[in-house]
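Asker: Before we start, here is the structure in question, set down as structure tokens.
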Amino acid sequence: MTTIRLLIIEDDRKIAEIQRRFVERLDDVELCGIAHTLADARDLIDVLSPDLILLDVYFPDGNGLDLLRELRASDSASDVILITAAKEVDTLRSALRGGVFDYILKPLVFERLEEAVHRYREHLNRLSGLDQVAQKEVDALLPRSGQEEIPAETADTDRLPKGIDGITLDKIREVLTTGDEWSAEEVGAAMGASRTTARRYLEFLVGRGEAAAEVSYGNVGRPERRYCSVSRK
């Protein structure tokens with residue numbers, strides 16, 4: 001399996017340290033550098049050519065979206081996951097126009113980063129296995145593929161997006177109804193699946209309005225995303 005070379009660009013040193021620890025927990029991911037300013041980031045990108053960049057928006061010496069636009073204008077091969085506290089729709093629009101692979105709101109939770117990198121790896125694997133593409137391959141590669149909302153009353157197996165199995169989805173629903181709040185790891189253990197798989201299904205249910213999610217800091221202050229069935233709220 002090819003190692004993903006990753007660069008962190010974050011001005012807050014404490015947040016950068018949290019991201020560093022999270023990255024070191026990911027399989028087959030190599031942290032190749034950390035930049036706390038956009039000036040340093042440009043130098044590191046030029047020298048290291050990372051596969052993937054974790055990028056904040058607000059910096060003392062500029063805006064991360066400007067760096068994103070520079071990367072796209074220069075046809076850089078580095079992909080970007082934006083990790084930011086910016087909740088403005090205009091910021092999201094700019095990020096999408098700039099071609100970000102993912103957009104994650106702070107506080108960063110390890111499971112959300114793990115899922116994003118997992119999807120990024122799958123994306124790379126699909127690309128590496130293709131010589132030419134038909135429309136179905138294009139649809140599978142585009143970020144919007146499989147993200148459209150489906151009304152619950154019409155969500156049969158044939159209408160579910162790729163990667164979502166109806167039987168597994170029903171198991172997730174059943175687990176959520178047996179307790180108040182669950183982490184992705186707890187749901188995975190309850191149904192005999194991995195945390196990554198459980199999280200993918202949980203986020204799908206959140207997107208459809210069947211589940212709700214909130215960040216909990218737990219006993220030691222480490223942020224954790226917890227889920228519950230909307231019917232139990």
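Just remember, in the structure tokens the first chain shown is A, the second B, etc., residues are 1-based per chain, and ligands are 1-based in the order shown.
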Using DSSP on the backbone coordinates, identify the residues of segment 14-62 of chain A assigned to strand (DSSP E); present them as a PDB file with N, CA and C atoms, in the first residue's frame.
Answerer:
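Once written, selection_3.pdb looks like this:
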```pdb
ATOM      1  N   VAL A  29       0.408   6.652   6.525  1.00  0.00           N
ATOM      2  CA  VAL A  29       0.445   8.097   6.303  1.00  0.00           C
ATOM      3  C   VAL A  29       1.734   8.633   6.933  1.00  0.00           C
ATOM      4  N   GLU A  30       2.504   9.363   6.151  1.00  0.00           N
ATOM      5  CA  GLU A  30       3.762   9.933   6.631  1.00  0.00           C
ATOM      6  C   GLU A  30       3.626  11.443   6.757  1.00  0.00           C
ATOM      7  N   LEU A  31       3.831  11.965   7.951  1.00  0.00           N
ATOM      8  CA  LEU A  31       3.832  13.414   8.145  1.00  0.00           C
ATOM      9  C   LEU A  31       5.169  13.956   7.660  1.00  0.00           C
ATOM     10  N   CYS A  32       5.131  14.750   6.599  1.00  0.00           N
ATOM     11  CA  CYS A  32       6.392  15.228   6.026  1.00  0.00           C
ATOM     12  C   CYS A  32       6.744  16.634   6.474  1.00  0.00           C
ATOM     13  N   GLY A  33       5.818  17.321   7.178  1.00  0.00           N
ATOM     14  CA  GLY A  33       6.159  18.650   7.651  1.00  0.00           C
ATOM     15  C   GLY A  33       4.981  19.361   8.288  1.00  0.00           C
ATOM     16  N   ILE A  34       5.278  20.439   9.037  1.00  0.00           N
ATOM     17  CA  ILE A  34       4.270  21.298   9.647  1.00  0.00           C
ATOM     18  C   ILE A  34       4.667  22.741   9.389  1.00  0.00           C
ATOM     19  N   ALA A  35       3.739  23.533   8.876  1.00  0.00           N
ATOM     20  CA  ALA A  35       3.983  24.955   8.636  1.00  0.00           C
ATOM     21  C   ALA A  35       2.988  25.762   9.459  1.00  0.00           C
ATOM     22  N   LEU A  52      -0.980  15.167   0.197  1.00  0.00           N
ATOM     23  CA  LEU A  52      -2.183  15.691   0.839  1.00  0.00           C
ATOM     24  C   LEU A  52      -1.798  16.786   1.830  1.00  0.00           C
ATOM     25  N   ILE A  53      -2.608  17.846   1.877  1.00  0.00           N
ATOM     26  CA  ILE A  53      -2.369  18.968   2.776  1.00  0.00           C
ATOM     27  C   ILE A  53      -3.589  19.168   3.667  1.00  0.00           C
ATOM     28  N   LEU A  54      -3.340  19.300   4.976  1.00  0.00           N
ATOM     29  CA  LEU A  54      -4.383  19.732   5.903  1.00  0.00           C
ATOM     30  C   LEU A  54      -4.207  21.233   6.077  1.00  0.00           C
ATOM     31  N   LEU A  55      -5.180  22.017   5.619  1.00  0.00           N
ATOM     32  CA  LEU A  55      -5.012  23.471   5.502  1.00  0.00           C
ATOM     33  C   LEU A  55      -6.061  24.231   6.306  1.00  0.00           C
ATOM     34  N   TYR A  58      -7.491  30.853   8.234  1.00  0.00           N
ATOM     35  CA  TYR A  58      -7.013  32.141   8.730  1.00  0.00           C
ATOM     36  C   TYR A  58      -5.585  32.047   9.273  1.00  0.00           C
ATOM     37  N   PHE A  59      -4.701  32.905   8.725  1.00  0.00           N
ATOM     38  CA  PHE A  59      -3.301  32.972   9.142  1.00  0.00           C
ATOM     39  C   PHE A  59      -2.907  34.429   9.357  1.00  0.00           C
ATOM     40  N   GLY A  62      -2.015  35.920   5.940  1.00  0.00           N
ATOM     41  CA  GLY A  62      -2.858  35.755   4.770  1.00  0.00           C
ATOM     42  C   GLY A  62      -3.989  34.771   4.981  1.00  0.00           C
TER      43      GLY A  62
END
```
Asker: Skipping near chain neighbours, those fewer than 2 positions away, what residues fall within 12 Å of Ala190 of chain A using only C-alpha atoms, listed as a list of chain:residue names?
Answerer: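 Neighbouring residues, sequence-local ones excluded: A:Lys171, A:Ile172, A:Arg173, A:Glu174, A:Val175, A:Leu176, A:Thr178, A:Gly179, A:Trp182, A:Ser183, A:Ala184, A:Glu185, A:Glu186, A:Val187, A:Gly188, A:Gly192, A:Ala193, A:Ser194, A:Arg195, A:Ala198.
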Asker: Keeping only N, CA and C atoms, write the selected residues as a short mmCIF file (atom, residue, chain, number, x, y, z; two decimals), in the first residue's frame.
Answerer:
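Saved to selection-v5.cif:
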```cif
data_model
loop_
_atom_site.label_atom_id
_atom_site.label_comp_id
_atom_site.auth_asym_id
_atom_site.auth_seq_id
_atom_site.Cartn_x
_atom_site.Cartn_y
_atom_site.Cartn_z
N LYS A 171 -28.97 -2.33 10.44
CA LYS A 171 -28.30 -2.69 11.70
C LYS A 171 -27.87 -1.44 12.46
N ILE A 172 -27.36 -0.46 11.72
CA ILE A 172 -26.94 0.80 12.35
C ILE A 172 -28.15 1.48 12.99
N ARG A 173 -29.26 1.53 12.26
CA ARG A 173 -30.48 2.14 12.81
C ARG A 173 -30.91 1.43 14.09
N GLU A 174 -30.83 0.10 14.06
CA GLU A 174 -31.26 -0.68 15.22
C GLU A 174 -30.38 -0.39 16.44
N VAL A 175 -29.07 -0.30 16.22
CA VAL A 175 -28.16 -0.01 17.32
C VAL A 175 -28.47 1.36 17.92
N LEU A 176 -28.71 2.36 17.07
CA LEU A 176 -28.95 3.72 17.55
C LEU A 176 -30.20 3.81 18.42
N THR A 178 -31.18 1.69 20.57
CA THR A 178 -31.04 0.98 21.85
C THR A 178 -30.27 1.78 22.89
N GLY A 179 -29.91 3.02 22.58
CA GLY A 179 -29.16 3.84 23.53
C GLY A 179 -29.31 5.30 23.19
N TRP A 182 -23.97 7.38 20.93
CA TRP A 182 -22.97 6.37 20.56
C TRP A 182 -21.82 7.03 19.83
N SER A 183 -20.62 6.54 20.05
CA SER A 183 -19.48 6.90 19.20
C SER A 183 -19.45 5.92 18.03
N ALA A 184 -18.70 6.27 16.98
CA ALA A 184 -18.58 5.36 15.83
C ALA A 184 -17.93 4.05 16.26
N GLU A 185 -16.97 4.14 17.18
CA GLU A 185 -16.29 2.92 17.66
C GLU A 185 -17.26 2.02 18.40
N GLU A 186 -18.14 2.60 19.23
CA GLU A 186 -19.11 1.81 19.98
C GLU A 186 -20.13 1.16 19.06
N VAL A 187 -20.58 1.90 18.04
CA VAL A 187 -21.53 1.33 17.08
C VAL A 187 -20.88 0.19 16.31
N GLY A 188 -19.64 0.39 15.88
CA GLY A 188 -18.93 -0.66 15.15
C GLY A 188 -18.79 -1.92 15.99
N GLY A 192 -20.32 -5.48 15.00
CA GLY A 192 -19.26 -6.29 14.43
C GLY A 192 -18.63 -5.71 13.19
N ALA A 193 -18.49 -4.38 13.15
CA ALA A 193 -17.89 -3.71 12.00
C ALA A 193 -16.77 -2.80 12.48
N SER A 194 -15.98 -2.30 11.55
CA SER A 194 -14.91 -1.39 11.92
C SER A 194 -15.47 -0.01 12.24
N ARG A 195 -14.69 0.78 12.96
CA ARG A 195 -15.09 2.14 13.29
C ARG A 195 -15.28 2.97 12.03
N ALA A 198 -18.61 2.00 10.40
CA ALA A 198 -19.72 2.53 11.20
C ALA A 198 -19.86 4.03 11.00
#
```
Asker: Could you pull out the residues in segment 1-232 of chain A that DSSP calls helix (DSSP H, G or I) from the backbone, as a count of residues only?
Answerer: 109
Asker: What is the atom CA of Glu111 of chain A to atom CA of Phe204 of chain A distance in Å?
Answerer: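 Rounded to one decimal, the two atoms are 14.5 Å apart.
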Asker: Considering only C-alpha atoms, state which residue in the set A:Arg20, A:Arg121, A:Arg5, A:Arg226 is at the smallest distance from Asp180 of chain A.
Answerer: A:Arg226
Asker: Would you mind listing what lies within 10 Å of Ser231 of chain A as a PyMOL selection string, with only C-alpha atoms counted and same-chain residues fewer than 6 positions away left out?
Answerer: chain A and resi 176-177+210-212
Asker: Check the smallest atom-to-atom distance from each of A:Val109, A:Pro161, A:Phe101, A:Arg199 to Arg21 of chain A using only C-alpha atoms, then report the winner.
Answerer: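 Selected residue with least distance to Arg21 of chain A: A:Val109.
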Asker: If I take atom CA of Phe110 of chain A and atom CA of Ile83 of chain A, how far is one from the other in Å, to one decimal?
Answerer: 12.1 Å
Asker: Distance atom CA of Arg93 of chain A-atom CA of Asn63 of chain A, one decimal place?
Answerer: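 Computed distance, atom CA of Arg93 of chain A to atom CA of Asn63 of chain A, equals 14.7 Å.
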Asker: Counting only C-alpha atoms, which residue out of A:Leu71, A:Ile15, A:Ala86, A:Val117 sits closest to Gly98 of chain A?
Answerer: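 Looking at the shortest contact to Gly98 of chain A, the residue is A:Leu71.
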Asker: Name the residues in contact with Ser94 of chain A at a cut-off of 12 Å, using only C-alpha atoms, excluding same-chain residues fewer than 3 positions from it; report them as an mmCIF file with C-alpha atoms, in the first residue's frame.
Answerer:
```cif
data_model
loop_
_atom_site.group_PDB
_atom_site.id
_atom_site.type_symbol
_atom_site.label_atom_id
_atom_site.label_comp_id
_atom_site.auth_asym_id
_atom_site.auth_seq_id
_atom_site.Cartn_x
_atom_site.Cartn_y
_atom_site.Cartn_z
ATOM 1 C CA VAL A 57 -8.116 29.289 6.474
ATOM 2 C CA ASN A 63 -5.737 33.451 3.883
ATOM 3 C CA GLY A 64 -5.455 29.729 3.250
ATOM 4 C CA LEU A 65 -7.944 30.004 0.381
ATOM 5 C CA ASP A 66 -5.440 32.182 -1.472
ATOM 6 C CA LEU A 67 -2.862 29.419 -1.109
ATOM 7 C CA LEU A 68 -5.429 26.916 -2.364
ATOM 8 C CA ARG A 69 -6.029 29.036 -5.468
ATOM 9 C CA LEU A 82 -9.568 22.193 4.610
ATOM 10 C CA ALA A 86 -15.048 29.040 9.266
ATOM 11 C CA GLU A 88 -19.613 30.901 6.405
ATOM 12 C CA VAL A 89 -21.221 29.589 3.243
ATOM 13 C CA ASP A 90 -19.024 31.875 1.113
ATOM 14 C CA THR A 91 -15.922 30.218 2.563
ATOM 15 C CA ARG A 97 -14.404 26.142 -6.312
ATOM 16 C CA GLY A 98 -10.783 25.674 -5.329
ATOM 17 C CA GLY A 99 -11.157 21.905 -5.540
ATOM 18 C CA VAL A 100 -10.743 20.820 -1.917
ATOM 19 C CA TYR A 103 -14.004 20.318 4.297
#
```
